[in-house]
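> The following file, start.pdb, comprises PDB, C-alpha atoms:
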MODEL        1
ATOM      1  CA  MET Z  77     -21.283   5.647 -20.011
ATOM      2  CA  PHE Z  78     -17.978   6.759 -21.536
ATOM      3  CA  LYS Z  79     -18.581  10.307 -20.455
ATOM      4  CA  TRP Z  80     -18.985   9.052 -16.919
ATOM      5  CA  LEU Z  81     -15.842   6.948 -17.241
ATOM      6  CA  HIS Z  82     -14.014   9.925 -18.651
ATOM      7  CA  ARG Z  83     -14.265  11.755 -15.342
ATOM      8  CA  PHE Z  84     -11.701   9.350 -13.915
ATOM      9  CA  GLY Z  85      -9.151  11.123 -16.046
ATOM     10  CA  SER Z  86      -9.880  14.378 -14.264
ATOM     11  CA  ALA Z  87      -7.627  15.078 -11.304
ATOM     12  CA  PRO Z  88     -10.115  17.215  -9.278
ATOM     13  CA  PHE Z  89     -12.812  14.572  -9.684
ATOM     14  CA  VAL Z  90     -10.539  11.682  -8.656
ATOM     15  CA  TYR Z  91      -9.192  13.714  -5.728
ATOM     16  CA  ARG Z  92     -12.676  14.423  -4.361
ATOM     17  CA  PHE Z  93     -14.048  10.984  -5.237
ATOM     18  CA  SER Z  94     -11.231   9.149  -3.446
ATOM     19  CA  GLY Z  95     -11.558  11.504  -0.487
ATOM     20  CA  ALA Z  96     -15.236  10.596  -0.158
ATOM     21  CA  LEU Z  97     -14.574   6.883  -0.658
ATOM     22  CA  ALA Z  98     -11.585   6.492   1.702
ATOM     23  CA  PRO Z  99     -13.407   6.520   5.082
ATOM     24  CA  TRP Z 100     -15.807   3.800   3.904
ATOM     25  CA  VAL Z 101     -13.001   1.603   2.617
ATOM     26  CA  GLY Z 102     -11.060   2.178   5.836
ATOM     27  CA  GLY Z 103     -14.086   1.324   7.982
ATOM     28  CA  ALA Z 104     -14.760  -1.865   6.019
ATOM     29  CA  CYS Z 105     -11.097  -2.803   6.390
ATOM     30  CA  ALA Z 106     -11.220  -2.430  10.189
ATOM     31  CA  VAL Z 107     -14.376  -4.566  10.409
ATOM     32  CA  LEU Z 108     -12.993  -7.294   8.117
ATOM     33  CA  LEU Z 109      -9.641  -7.489   9.902
ATOM     34  CA  GLY Z 110     -11.371  -7.489  13.306
ATOM     35  CA  ILE Z 111     -13.652 -10.395  12.376
ATOM     36  CA  GLY Z 112     -10.843 -12.252  10.605
ATOM     37  CA  LEU Z 113      -8.507 -11.907  13.563
ATOM     38  CA  TYR Z 114     -11.168 -13.068  16.022
ATOM     39  CA  LEU Z 115     -12.181 -16.078  13.898
ATOM     40  CA  GLY Z 116      -8.598 -16.956  13.022
ATOM     41  CA  LEU Z 117      -7.236 -16.853  16.567
ATOM     42  CA  PHE Z 118     -10.204 -17.990  18.659
ATOM     43  CA  VAL Z 119     -12.703 -19.883  16.518
ATOM     44  CA  ALA Z 120     -10.734 -21.795  13.852
ATOM     45  CA  PRO Z 121      -9.765 -25.302  15.049
ATOM     46  CA  THR Z 122      -6.225 -26.532  15.656
ATOM     47  CA  ASP Z 123      -4.551 -28.212  12.684
ATOM     48  CA  TYR Z 124      -3.948 -31.918  13.249
ATOM     49  CA  GLU Z 125      -0.571 -31.809  11.516
ATOM     50  CA  GLN Z 126       0.841 -28.364  12.308
ATOM     51  CA  GLY Z 127      -0.836 -27.658  15.655
ATOM     52  CA  GLU Z 128      -1.325 -23.965  16.424
ATOM     53  CA  SER Z 129       1.575 -22.858  14.224
ATOM     54  CA  TYR Z 130      -0.665 -23.032  11.158
ATOM     55  CA  ARG Z 131      -2.426 -19.848  12.367
ATOM     56  CA  ILE Z 132       0.407 -17.908  10.738
ATOM     57  CA  ILE Z 133      -1.537 -18.661   7.537
ATOM     58  CA  TYR Z 134      -3.947 -15.856   8.488
ATOM     59  CA  VAL Z 135      -1.269 -13.209   8.040
ATOM     60  CA  HIS Z 136       1.101 -14.973   5.633
ATOM     61  CA  VAL Z 137      -1.309 -15.881   2.821
ATOM     62  CA  PRO Z 138      -3.130 -12.493   2.664
ATOM     63  CA  ALA Z 139       0.243 -10.693   2.580
ATOM     64  CA  ALA Z 140       1.557 -13.014  -0.142
ATOM     65  CA  ILE Z 141      -1.569 -12.795  -2.323
ATOM     66  CA  MET Z 142      -1.692  -9.014  -1.966
ATOM     67  CA  SER Z 143       2.016  -8.662  -2.746
ATOM     68  CA  MET Z 144       1.234 -10.024  -6.225
ATOM     69  CA  PHE Z 145      -2.117  -8.269  -6.593
ATOM     70  CA  VAL Z 146      -0.591  -4.866  -5.810
ATOM     71  CA  TYR Z 147       2.145  -5.536  -8.352
ATOM     72  CA  MET Z 148      -0.485  -6.202 -11.029
ATOM     73  CA  VAL Z 149      -2.244  -2.946 -10.110
ATOM     74  CA  MET Z 150       1.088  -1.138 -10.382
ATOM     75  CA  ALA Z 151       1.995  -2.764 -13.712
ATOM     76  CA  ILE Z 152      -1.428  -2.210 -15.318
ATOM     77  CA  SER Z 153      -1.459   1.440 -14.190
ATOM     78  CA  SER Z 154       2.031   1.832 -15.618
ATOM     79  CA  ALA Z 155       0.872   0.388 -18.949
ATOM     80  CA  VAL Z 156      -2.144   2.740 -19.014
ATOM     81  CA  PHE Z 157       0.209   5.625 -18.276
ATOM     82  CA  LEU Z 158       2.603   4.703 -21.090
ATOM     83  CA  ILE Z 159      -0.100   3.961 -23.689
ATOM     84  CA  TRP Z 160      -2.614   6.753 -23.047
ATOM     85  CA  ARG Z 161      -0.264   9.243 -21.335
ATOM     86  CA  MET Z 162      -2.655   9.343 -18.402
ATOM     87  CA  LYS Z 163      -0.853  11.074 -15.542
ATOM     88  CA  LEU Z 164      -3.310   9.807 -12.949
ATOM     89  CA  ALA Z 165      -2.423   6.206 -13.808
ATOM     90  CA  ASP Z 166       1.188   7.045 -12.998
ATOM     91  CA  ALA Z 167       0.037   8.519  -9.684
ATOM     92  CA  VAL Z 168      -1.765   5.231  -8.924
ATOM     93  CA  ALA Z 169       1.347   3.170  -9.720
ATOM     94  CA  GLN Z 170       3.519   5.436  -7.597
ATOM     95  CA  ALA Z 171       1.049   5.225  -4.701
ATOM     96  CA  ALA Z 172       0.853   1.426  -4.909
ATOM     97  CA  ALA Z 173       4.611   0.683  -4.873
ATOM     98  CA  PRO Z 174       5.440   1.180  -1.176
ATOM     99  CA  ILE Z 175       2.289  -0.676  -0.094
ATOM    100  CA  GLY Z 176       3.214  -3.619  -2.295
ATOM    101  CA  ALA Z 177       6.764  -3.592  -0.976
ATOM    102  CA  SER Z 178       5.483  -3.726   2.594
ATOM    103  CA  PHE Z 179       3.185  -6.683   1.790
ATOM    104  CA  THR Z 180       6.063  -8.519   0.126
ATOM    105  CA  PHE Z 181       8.245  -7.882   3.158
ATOM    106  CA  LEU Z 182       5.485  -9.291   5.389
ATOM    107  CA  ALA Z 183       5.044 -12.382   3.208
ATOM    108  CA  LEU Z 184       8.772 -13.085   3.474
ATOM    109  CA  VAL Z 185       9.059 -12.463   7.232
ATOM    110  CA  THR Z 186       5.921 -14.384   8.247
ATOM    111  CA  GLY Z 187       6.906 -17.169   5.841
ATOM    112  CA  SER Z 188      10.267 -17.360   7.540
ATOM    113  CA  LEU Z 189       8.600 -17.464  10.968
ATOM    114  CA  TRP Z 190       6.421 -20.307   9.710
ATOM    115  CA  GLY Z 191       9.241 -22.138   7.967
ATOM    116  CA  LYS Z 192      11.454 -22.362  11.048
ATOM    117  CA  PRO Z 193       9.113 -24.580  13.144
ATOM    118  CA  MET Z 194       7.669 -26.520  10.172
ATOM    119  CA  TRP Z 195      10.642 -26.998   7.829
ATOM    120  CA  GLY Z 196      13.389 -26.469  10.366
ATOM    121  CA  THR Z 197      14.874 -23.533   8.472
ATOM    122  CA  TRP Z 198      14.287 -19.778   8.243
ATOM    123  CA  TRP Z 199      15.187 -19.667   4.587
ATOM    124  CA  ILE Z 200      16.023 -21.830   1.600
ATOM    125  CA  TRP Z 201      16.684 -20.771  -1.964
ATOM    126  CA  ASP Z 202      13.662 -22.536  -3.422
ATOM    127  CA  GLY Z 203      11.619 -21.225  -6.342
ATOM    128  CA  ARG Z 204       8.820 -19.636  -4.352
ATOM    129  CA  LEU Z 205      11.001 -17.903  -1.781
ATOM    130  CA  THR Z 206      13.534 -16.676  -4.325
ATOM    131  CA  SER Z 207      10.939 -15.298  -6.749
ATOM    132  CA  GLU Z 208       9.121 -13.548  -3.868
ATOM    133  CA  LEU Z 209      12.411 -11.983  -2.801
ATOM    134  CA  LEU Z 210      12.889 -10.845  -6.398
ATOM    135  CA  LEU Z 211       9.443  -9.217  -6.169
ATOM    136  CA  LEU Z 212      10.622  -7.202  -3.175
ATOM    137  CA  PHE Z 213      13.657  -6.046  -5.172
ATOM    138  CA  LEU Z 214      11.389  -5.085  -8.082
ATOM    139  CA  TYR Z 215       9.326  -2.855  -5.786
ATOM    140  CA  LEU Z 216      12.436  -1.347  -4.211
ATOM    141  CA  GLY Z 217      13.991  -0.889  -7.654
ATOM    142  CA  TYR Z 218      10.858   0.872  -8.867
ATOM    143  CA  MET Z 219      10.958   3.315  -5.957
ATOM    144  CA  ALA Z 220      14.711   3.840  -6.198
ATOM    145  CA  LEU Z 221      14.459   4.527  -9.934
ATOM    146  CA  ARG Z 222      11.766   7.157  -9.380
ATOM    147  CA  ALA Z 223      13.872   8.784  -6.690
ATOM    148  CA  ALA Z 224      17.071   8.677  -8.753
ATOM    149  CA  ILE Z 225      15.826  10.463 -11.887
ATOM    150  CA  GLU Z 226      15.390  14.144 -11.296
ATOM    151  CA  GLN Z 227      13.071  15.000 -14.180
ATOM    152  CA  PRO Z 228       9.614  13.746 -13.017
ATOM    153  CA  GLN Z 229       8.400  12.876 -16.521
ATOM    154  CA  SER Z 230      11.397  10.695 -17.388
ATOM    155  CA  ALA Z 231      11.366   9.162 -13.903
ATOM    156  CA  ALA Z 232       7.725   8.169 -14.354
ATOM    157  CA  ARG Z 233       8.355   6.681 -17.784
ATOM    158  CA  ALA Z 234      11.464   4.703 -16.777
ATOM    159  CA  ALA Z 235       9.745   3.363 -13.644
ATOM    160  CA  ALA Z 236       6.677   2.357 -15.684
ATOM    161  CA  VAL Z 237       8.853   0.343 -18.071
ATOM    162  CA  LEU Z 238      10.514  -1.401 -15.126
ATOM    163  CA  ALA Z 239       7.108  -2.228 -13.595
ATOM    164  CA  ILE Z 240       5.875  -3.734 -16.874
ATOM    165  CA  VAL Z 241       9.022  -5.784 -17.484
ATOM    166  CA  GLY Z 242       8.825  -7.110 -13.913
ATOM    167  CA  VAL Z 243       5.399  -8.644 -14.582
ATOM    168  CA  VAL Z 244       7.125 -11.796 -15.887
ATOM    169  CA  ASN Z 245       7.969 -12.534 -12.261
ATOM    170  CA  ILE Z 246       4.290 -12.837 -11.231
ATOM    171  CA  PRO Z 247       3.495 -16.132 -13.048
ATOM    172  CA  ILE Z 248       6.904 -17.393 -11.935
ATOM    173  CA  ILE Z 249       5.921 -16.822  -8.289
ATOM    174  CA  HIS Z 250       2.540 -18.443  -8.832
ATOM    175  CA  TYR Z 251       3.768 -21.575 -10.624
ATOM    176  CA  SER Z 252       7.100 -21.854  -8.780
ATOM    177  CA  VAL Z 253       5.600 -24.375  -6.338
ATOM    178  CA  GLU Z 254       4.688 -26.656  -9.242
ATOM    179  CA  TRP Z 255       7.779 -26.152 -11.376
ATOM    180  CA  TRP Z 256      10.317 -26.644  -8.611
ATOM    181  CA  SER Z 257       8.570 -28.424  -5.767
ATOM    182  CA  THR Z 258      10.879 -28.298  -2.778
ATOM    183  CA  LEU Z 259       9.746 -27.159   0.663
ATOM    184  CA  HIS Z 260       6.985 -24.674  -0.053
ATOM    185  CA  GLN Z 261       3.622 -26.376  -0.340
ATOM    186  CA  PRO Z 262       1.529 -25.968  -3.507
ATOM    187  CA  ALA Z 263      -1.473 -23.627  -3.668
ATOM    188  CA  THR Z 264      -4.367 -24.472  -1.372
ATOM    189  CA  ILE Z 265      -6.516 -21.373  -1.680
ATOM    190  CA  THR Z 266      -6.108 -19.978  -5.198
ATOM    191  CA  LYS Z 267      -7.453 -22.961  -7.089
ATOM    192  CA  LEU Z 268     -10.936 -24.122  -8.050
ATOM    193  CA  LYS Z 269     -11.389 -26.608  -5.222
ATOM    194  CA  PRO Z 270      -9.440 -25.265  -2.233
ATOM    195  CA  SER Z 271      -7.953 -28.058  -0.122
ATOM    196  CA  ILE Z 272      -8.683 -26.392   3.207
ATOM    197  CA  HIS Z 273     -11.603 -26.965   5.563
ATOM    198  CA  GLU Z 274     -14.323 -24.301   5.634
ATOM    199  CA  SER Z 275     -13.792 -23.572   9.340
ATOM    200  CA  MET Z 276     -10.219 -22.567   8.511
ATOM    201  CA  ALA Z 277     -10.972 -20.988   5.130
ATOM    202  CA  VAL Z 278     -13.642 -18.526   6.322
ATOM    203  CA  PRO Z 279     -11.314 -16.558   8.652
ATOM    204  CA  LEU Z 280      -8.727 -16.558   5.873
ATOM    205  CA  ARG Z 281     -11.191 -15.009   3.453
ATOM    206  CA  PHE Z 282     -11.953 -12.257   5.968
ATOM    207  CA  MET Z 283      -8.239 -11.570   6.351
ATOM    208  CA  ILE Z 284      -7.613 -11.523   2.577
ATOM    209  CA  PHE Z 285     -10.430  -9.021   2.029
ATOM    210  CA  GLY Z 286      -9.253  -7.061   5.060
ATOM    211  CA  PHE Z 287      -5.812  -6.736   3.462
ATOM    212  CA  LEU Z 288      -7.437  -5.830   0.136
ATOM    213  CA  PHE Z 289      -9.422  -3.024   1.754
ATOM    214  CA  LEU Z 290      -6.372  -1.839   3.647
ATOM    215  CA  PHE Z 291      -4.559  -1.613   0.345
ATOM    216  CA  GLY Z 292      -7.556   0.295  -1.057
ATOM    217  CA  TYR Z 293      -7.597   2.746   1.817
ATOM    218  CA  VAL Z 294      -3.868   3.462   1.842
ATOM    219  CA  LEU Z 295      -3.846   3.667  -1.964
ATOM    220  CA  LEU Z 296      -6.610   6.306  -1.921
ATOM    221  CA  VAL Z 297      -4.792   8.418   0.684
ATOM    222  CA  ARG Z 298      -1.466   8.149  -1.160
ATOM    223  CA  LEU Z 299      -3.162   8.851  -4.490
ATOM    224  CA  ARG Z 300      -4.660  12.072  -3.097
ATOM    225  CA  THR Z 301      -1.210  13.049  -1.845
ATOM    226  CA  GLY Z 302       0.244  12.358  -5.284
ATOM    227  CA  ILE Z 303      -2.460  14.401  -7.010
ATOM    228  CA  LEU Z 304      -1.825  17.360  -4.671
ATOM    229  CA  GLN Z 305       1.887  17.194  -5.441
ATOM    230  CA  ARG Z 306       1.315  17.010  -9.192
ATOM    231  CA  GLU Z 307      -1.367  19.717  -9.283
ATOM    232  CA  ALA Z 308       0.054  22.025  -6.607
ATOM    233  CA  ARG Z 309      -0.181  25.063  -8.893
ATOM    234  CA  ALA Z 310      -3.685  24.385 -10.212
ATOM    235  CA  SER Z 311      -6.420  26.814  -9.244
ATOM    236  CA  TRP Z 312      -8.798  24.050  -8.163
ATOM    237  CA  VAL Z 313      -6.260  23.009  -5.530
ATOM    238  CA  ALA Z 314      -6.070  26.540  -4.115
ATOM    239  CA  GLN Z 315      -9.856  26.490  -3.735
ATOM    240  CA  LEU Z 316     -10.017  23.188  -1.851
ATOM    241  CA  PRO Z 317     -11.571  23.539   1.612
ATOM    242  CA  GLU Z 318      -8.599  21.810   3.280
ATOM    243  CA  ILE Z 319      -6.212  24.282   1.602
ATOM    244  CA  MET Z 320      -8.426  27.304   2.336
ATOM    245  CA  ARG Z 321      -8.874  26.185   5.945
ATOM    246  CA  PHE Z 322      -5.155  26.069   6.506
ATOM    247  CA  ASN Z 323      -4.758  29.548   5.055
ATOM    248  CA  ALA Z 324      -7.517  30.831   7.324
ATOM    249  CA  LEU Z 325      -5.814  29.270  10.341
ATOM    250  CA  ALA Z 326      -2.516  30.886   9.437
ATOM    251  CA  PRO Z 327      -3.333  34.311   7.980
ATOM    252  CA  ALA Z 328       0.236  35.306   8.751
ATOM    253  CA  ALA Z 329       1.338  33.250   5.766
ATOM    254  CA  ASP Z 330       0.084  36.027   3.472
ATOM    255  CA  SER Z 331       1.968  38.821   5.158
ATOM    256  CA  GLN Z 332       5.094  36.700   5.362
ATOM    257  CA  ALA Z 333       4.967  36.023   1.690
ATOM    258  CA  VAL Z 334       4.933  39.718   0.784
ATOM    259  CA  SER Z 335       8.325  40.224   2.367
ATOM    260  CA  PRO Z 336       9.876  36.789   2.471
ATOM    261  CA  SER Z 337      12.789  36.419   4.818
ATOM    262  CA  LYS Z 338      14.725  33.390   6.015
ATOM    263  CA  HIS Z 339      13.112  33.633   9.423
ATOM    264  CA  SER Z 340       9.506  33.653   8.253
ATOM    265  CA  GLU Z 341      10.080  30.799   5.828
ATOM    266  CA  THR Z 342      11.253  28.397   8.464
ATOM    267  CA  LYS Z 343       8.532  29.350  10.921
ATOM    268  CA  HIS Z 344       6.064  26.739   9.711
ATOM    269  CA  GLY Z 345       8.546  24.053   8.722
TER     270      GLY Z 345
ATOM    271  CA  MET F 285      -5.736 -17.900  28.842
ATOM    272  CA  ALA F 286      -2.109 -18.939  29.371
ATOM    273  CA  GLU F 287      -2.796 -21.823  27.024
ATOM    274  CA  PHE F 288      -4.005 -19.400  24.370
ATOM    275  CA  PHE F 289      -0.857 -17.288  24.633
ATOM    276  CA  ASN F 290       1.283 -20.405  24.532
ATOM    277  CA  MET F 291      -0.119 -21.325  21.071
ATOM    278  CA  GLY F 292       0.636 -25.013  21.576
ATOM    279  CA  GLY F 293       4.319 -24.254  22.044
ATOM    280  CA  TYR F 294       4.540 -22.125  18.885
ATOM    281  CA  ALA F 295       4.143 -18.766  20.650
ATOM    282  CA  ALA F 296       7.622 -17.654  19.556
ATOM    283  CA  PHE F 297       6.577 -17.947  15.897
ATOM    284  CA  VAL F 298       2.852 -17.126  15.909
ATOM    285  CA  TRP F 299       2.910 -13.907  17.942
ATOM    286  CA  PRO F 300       5.838 -12.235  16.165
ATOM    287  CA  SER F 301       4.079 -13.016  12.841
ATOM    288  CA  PHE F 302       0.871 -11.327  13.939
ATOM    289  CA  GLY F 303       2.792  -8.557  15.687
ATOM    290  CA  ILE F 304       4.926  -7.526  12.734
ATOM    291  CA  THR F 305       1.984  -7.830  10.345
ATOM    292  CA  PHE F 306      -0.214  -5.439  12.276
ATOM    293  CA  LEU F 307       2.709  -3.127  12.937
ATOM    294  CA  VAL F 308       3.394  -2.871   9.201
ATOM    295  CA  LEU F 309      -0.304  -2.466   8.343
ATOM    296  CA  TRP F 310      -0.615   0.303  10.946
ATOM    297  CA  ALA F 311       2.573   1.970   9.678
ATOM    298  CA  ASN F 312       1.147   1.963   6.138
ATOM    299  CA  VAL F 313      -1.898   3.891   7.316
ATOM    300  CA  TRP F 314       0.068   6.224   9.585
ATOM    301  CA  PHE F 315       2.705   7.208   7.031
ATOM    302  CA  ALA F 316       0.113   7.716   4.284
ATOM    303  CA  LYS F 317      -2.043   9.973   6.478
ATOM    304  CA  ASN F 318       0.954  11.870   7.799
ATOM    305  CA  GLN F 319       2.347  12.468   4.329
ATOM    306  CA  PHE F 320      -1.054  13.677   3.134
ATOM    307  CA  LYS F 321      -1.249  16.183   5.997
ATOM    308  CA  ARG F 322       2.288  17.409   5.338
ATOM    309  CA  VAL F 323       1.696  17.841   1.602
ATOM    310  CA  THR F 324      -1.627  19.614   2.256
ATOM    311  CA  ARG F 325       0.138  22.048   4.586
ATOM    312  CA  GLU F 326       2.981  22.673   2.113
ATOM    313  CA  THR F 327       0.557  23.145  -0.777
ATOM    314  CA  ALA F 328      -1.546  25.568   1.263
ATOM    315  CA  ARG F 329       1.497  27.611   2.201
ATOM    316  CA  ARG F 330       2.720  27.745  -1.373
ATOM    317  CA  SER F 331      -0.686  28.738  -2.737
ATOM    318  CA  ALA F 332      -0.957  31.483  -0.077
ATOM    319  CA  MET F 333       2.443  32.791  -1.098
ATOM    320  CA  THR F 334       1.625  32.913  -4.801
ATOM    321  CA  ARG F 335      -1.652  34.684  -4.042
ATOM    322  CA  ALA F 336       0.132  37.223  -1.877
ATOM    323  CA  LYS F 337       2.723  37.811  -4.591
ATOM    324  CA  LYS F 338      -0.010  38.373  -7.158
ATOM    325  CA  GLN F 339      -1.716  40.836  -4.833
ATOM    326  CA  ALA F 340       1.540  42.642  -4.188
ATOM    327  CA  ARG F 341       2.181  42.932  -7.916
ATOM    328  CA  ALA F 342      -1.357  44.184  -8.555
ATOM    329  CA  SER F 343      -1.227  46.926  -5.934
TER     330      SER F 343
ENDMDL
END
For this file, produce the structure as C-alpha cells.


Amino acid sequence: MFKWLHRFGSAPFVYRFSGALAPWVGGACAVLLGIGLYLGLFVAPTDYEQGESYRIIYVHVPAAIMSMFVYMVMAISSAVFLIWRMKLADAVAQAAAPIGASFTFLALVTGSLWGKPMWGTWWIWDGRLTSELLLLFLYLGYMALRAAIEQPQSAARAAAVLAIVGVVNIPIIHYSVEWWSTLHQPATITKLKPSIHESMAVPLRFMIFGFLFLFGYVLLVRLRTGILQREARASWVAQLPEIMRFNALAPAADSQAVSPSKHSETKHG
Amino acid sequence: MAEFFNMGGYAAFVWPSFGITFLVLWANVWFAKNQFKRVTRETARRSAMTRAKKQARAS
C-alpha cells in the first residue's frame, strides 16, 4: 500500500499518470457542465422571490465554493512541501494558484452582478464580500511572491508560508455571514439540511462538480507543465515521446546546436 | 425564445454572469494547454541541444 503511495513522489510517474487521467477528467467536466447548464437554464423553475435573476446561483455558488476549495488544496500542498520537502507538492500548489484566483474573481464578479438587482448595489464592505476580496489578494500575493524571488527554492518556501498563513481567511469567509449578517444571505447549500428545493439544487450540484472537474483538468495540465520545467534536464524527460516527436519533426535543431548562432536560436522562438 | 433571453427582465445581469464565467473557464483551459505546448517545445529544443553538444564533444 505504502509502496504504491510512494510512487506519487516520483515525478515521471506523476507526469505520466496525470497525462493519462487528464482527458477523462476533462470529458467528465464537459458532460457535467453541459447537463448543469441545461438543467439550470431550461429546467429549473423560476424563483418566487427573485424571479429569473436567481439563476446566477448556478455560476456564482460553484465559483465561490471552488475558490475556497482550491485555496485549501494550495495550502495543504504547501504544508506537505514544507514538512516533507516534497517538490511535487510545491508544483501542485503553484499549479493551483492561478485557477483559484480565477474562481475567486468569478465569485466576486457574478456576486456583484447578482447584488445589483437584488440588493440595489454592486458592492458593500460586508464580511463575506471583504473576506472574499482578501482571498483574491492572497492568491495574487502568492503568485507575485513566487515571481519576485529569483531563487526558485526560496521562492517556493516563502510562497508556501504565505499560503499556510492565509488559511485563517477560509473559516472567516465561511462564517462571515453568521458573524456579521448584513446583505449576504447565510449558507443554503453547505449545511446538513440545505434550504433549497431539489429542482433547483440538482442543477447546482452538476455545476459544482463540473467546476471541480474543470479545476482537476486544468490542475493536471498545469502540474505536467510544472514538472517539465522542474525536470527539464532529467534523462526521463528527454526520452518522453512528446519530446522525441518534436525532435524528430525538427531534426535541424541538432545541427543548429552544434554551431549555435543568433540566427538559428531565434528561428523556433 | 425572446422570453427566455429576456430572463424576466434580468437579462442584463444573468447573461453577463454566465458569459464571463464560461469565458474565464475556457481561458483557464486554453492558457494551461498553450503553456504546456510551449514548455514541451522549449524542453525538446533544449534537450536536443544538450545531446548535440555531447555528441560534438565525443567526436

> Which residues would end up in the selection if the PyMOL selection byres ((chain Z and resi 156-162) around 9) were applied here, given that I need the answer as a PDB file with C-alpha atoms, keeping the file's coordinate frame?


ATOM      1  CA  GLY Z  85      -9.151  11.123 -16.046  1.00  0.00           C
ATOM      2  CA  ALA Z 151       1.995  -2.764 -13.712  1.00  0.00           C
ATOM      3  CA  ILE Z 152      -1.428  -2.210 -15.318  1.00  0.00           C
ATOM      4  CA  SER Z 153      -1.459   1.440 -14.190  1.00  0.00           C
ATOM      5  CA  SER Z 154       2.031   1.832 -15.618  1.00  0.00           C
ATOM      6  CA  ALA Z 155       0.872   0.388 -18.949  1.00  0.00           C
ATOM      7  CA  LYS Z 163      -0.853  11.074 -15.542  1.00  0.00           C
ATOM      8  CA  LEU Z 164      -3.310   9.807 -12.949  1.00  0.00           C
ATOM      9  CA  ALA Z 165      -2.423   6.206 -13.808  1.00  0.00           C
ATOM     10  CA  ASP Z 166       1.188   7.045 -12.998  1.00  0.00           C
ATOM     11  CA  ALA Z 169       1.347   3.170  -9.720  1.00  0.00           C
ATOM     12  CA  ALA Z 232       7.725   8.169 -14.354  1.00  0.00           C
ATOM     13  CA  ARG Z 233       8.355   6.681 -17.784  1.00  0.00           C
ATOM     14  CA  ALA Z 236       6.677   2.357 -15.684  1.00  0.00           C
ATOM     15  CA  VAL Z 237       8.853   0.343 -18.071  1.00  0.00           C
TER      16      VAL Z 237
END

> Report as a PyMOL selection string the residues that result from applying the ChimeraX specification (/Z :<6) & /F to the structure here.

chain F and resi 291-292+294+297-298+301+313+316+320+327-328+331-333+336

> Given the selection you just returned, output its residues as a file containing C-alpha atoms, formatted as a PDB file, in the coordinates of the input.


ATOM      1  CA  MET F 291      -0.119 -21.325  21.071  1.00  0.00           C
ATOM      2  CA  GLY F 292       0.636 -25.013  21.576  1.00  0.00           C
ATOM      3  CA  TYR F 294       4.540 -22.125  18.885  1.00  0.00           C
ATOM      4  CA  PHE F 297       6.577 -17.947  15.897  1.00  0.00           C
ATOM      5  CA  VAL F 298       2.852 -17.126  15.909  1.00  0.00           C
ATOM      6  CA  SER F 301       4.079 -13.016  12.841  1.00  0.00           C
ATOM      7  CA  VAL F 313      -1.898   3.891   7.316  1.00  0.00           C
ATOM      8  CA  ALA F 316       0.113   7.716   4.284  1.00  0.00           C
ATOM      9  CA  PHE F 320      -1.054  13.677   3.134  1.00  0.00           C
ATOM     10  CA  THR F 327       0.557  23.145  -0.777  1.00  0.00           C
ATOM     11  CA  ALA F 328      -1.546  25.568   1.263  1.00  0.00           C
ATOM     12  CA  SER F 331      -0.686  28.738  -2.737  1.00  0.00           C
ATOM     13  CA  ALA F 332      -0.957  31.483  -0.077  1.00  0.00           C
ATOM     14  CA  MET F 333       2.443  32.791  -1.098  1.00  0.00           C
ATOM     15  CA  ALA F 336       0.132  37.223  -1.877  1.00  0.00           C
TER      16      ALA F 336
END

> Atom CA of Trp312 of chain Z and atom CA of Lys338 of chain F are how many Å apart?

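Rounded to one decimal, the two atoms are 16.8 Å apart.
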
> Compare Z:Gly292, Z:Ala173, Z:Met283, Z:Val90 by their minimum atom-to-atom distance to Phe306 of chain F, counting only C-alpha atoms, and give me the closest one.

Z:Met283

> For a cutoff of 12 Å around the file-coordinate point (14.7, -20.8, 1.1), which residues qualify once you count all atoms listed in the file? I'd like the result as a ChimeraX atom specification.

/Z:184-185,187-188,190-192,195-209,257-260

> Please evaluate the PyMOL selection byres ((chain Z and resi 245) around 12) against the structure above and give the resulting residues as a CSV table (one decimal) with C-alpha atoms, in the coordinates of the input.


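So expr_28.csv came out as:
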chain,number,residue,atom,x,y,z
Z,143,SER,CA,2.0,-8.7,-2.7
Z,144,MET,CA,1.2,-10.0,-6.2
Z,147,TYR,CA,2.1,-5.5,-8.4
Z,148,MET,CA,-0.5,-6.2,-11.0
Z,151,ALA,CA,2.0,-2.8,-13.7
Z,203,GLY,CA,11.6,-21.2,-6.3
Z,204,ARG,CA,8.8,-19.6,-4.4
Z,206,THR,CA,13.5,-16.7,-4.3
Z,207,SER,CA,10.9,-15.3,-6.7
Z,208,GLU,CA,9.1,-13.5,-3.9
Z,209,LEU,CA,12.4,-12.0,-2.8
Z,210,LEU,CA,12.9,-10.8,-6.4
Z,211,LEU,CA,9.4,-9.2,-6.2
Z,212,LEU,CA,10.6,-7.2,-3.2
Z,213,PHE,CA,13.7,-6.0,-5.2
Z,214,LEU,CA,11.4,-5.1,-8.1
Z,215,TYR,CA,9.3,-2.9,-5.8
Z,238,LEU,CA,10.5,-1.4,-15.1
Z,239,ALA,CA,7.1,-2.2,-13.6
Z,240,ILE,CA,5.9,-3.7,-16.9
Z,241,VAL,CA,9.0,-5.8,-17.5
Z,242,GLY,CA,8.8,-7.1,-13.9
Z,243,VAL,CA,5.4,-8.6,-14.6
Z,244,VAL,CA,7.1,-11.8,-15.9
Z,246,ILE,CA,4.3,-12.8,-11.2
Z,247,PRO,CA,3.5,-16.1,-13.0
Z,248,ILE,CA,6.9,-17.4,-11.9
Z,249,ILE,CA,5.9,-16.8,-8.3
Z,250,HIS,CA,2.5,-18.4,-8.8
Z,251,TYR,CA,3.8,-21.6,-10.6
Z,252,SER,CA,7.1,-21.9,-8.8

> In Å, how far is it from atom CA of Val308 of chain F to atom CA of Met285 of chain F?

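Answer for the atom CA of Val308 of chain F to atom CA of Met285 of chain F separation: 26.4 Å.
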
> So, with only C-alpha atoms as the atoms that count, which of Z:Gly286, Z:Pro138, Z:Ile272, Z:Val149 lies closest to Val101 of chain Z?

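Closest to Val101 of chain Z, using only C-alpha atoms: Z:Gly286.
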
> Interatomic distance between atom CA of Met276 of chain Z and atom CA of Ala172 of chain Z?

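Computed distance, atom CA of Met276 of chain Z to atom CA of Ala172 of chain Z, equals 29.6 Å.
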
> Which one is closest to Trp310 of chain F: Z:Cys105, Z:Phe285, Z:Thr264, Z:Gly112? Count only C-alpha atoms.

Z:Cys105

> Using all atoms listed in the file, can you tell me which of Z:Phe282, Z:Phe289, Z:Pro317, Z:Met150 comes closest to Tyr114 of chain Z?

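Between Z:Phe282, Z:Phe289, Z:Pro317, Z:Met150, the residue approaching Tyr114 of chain Z most closely is Z:Phe282.
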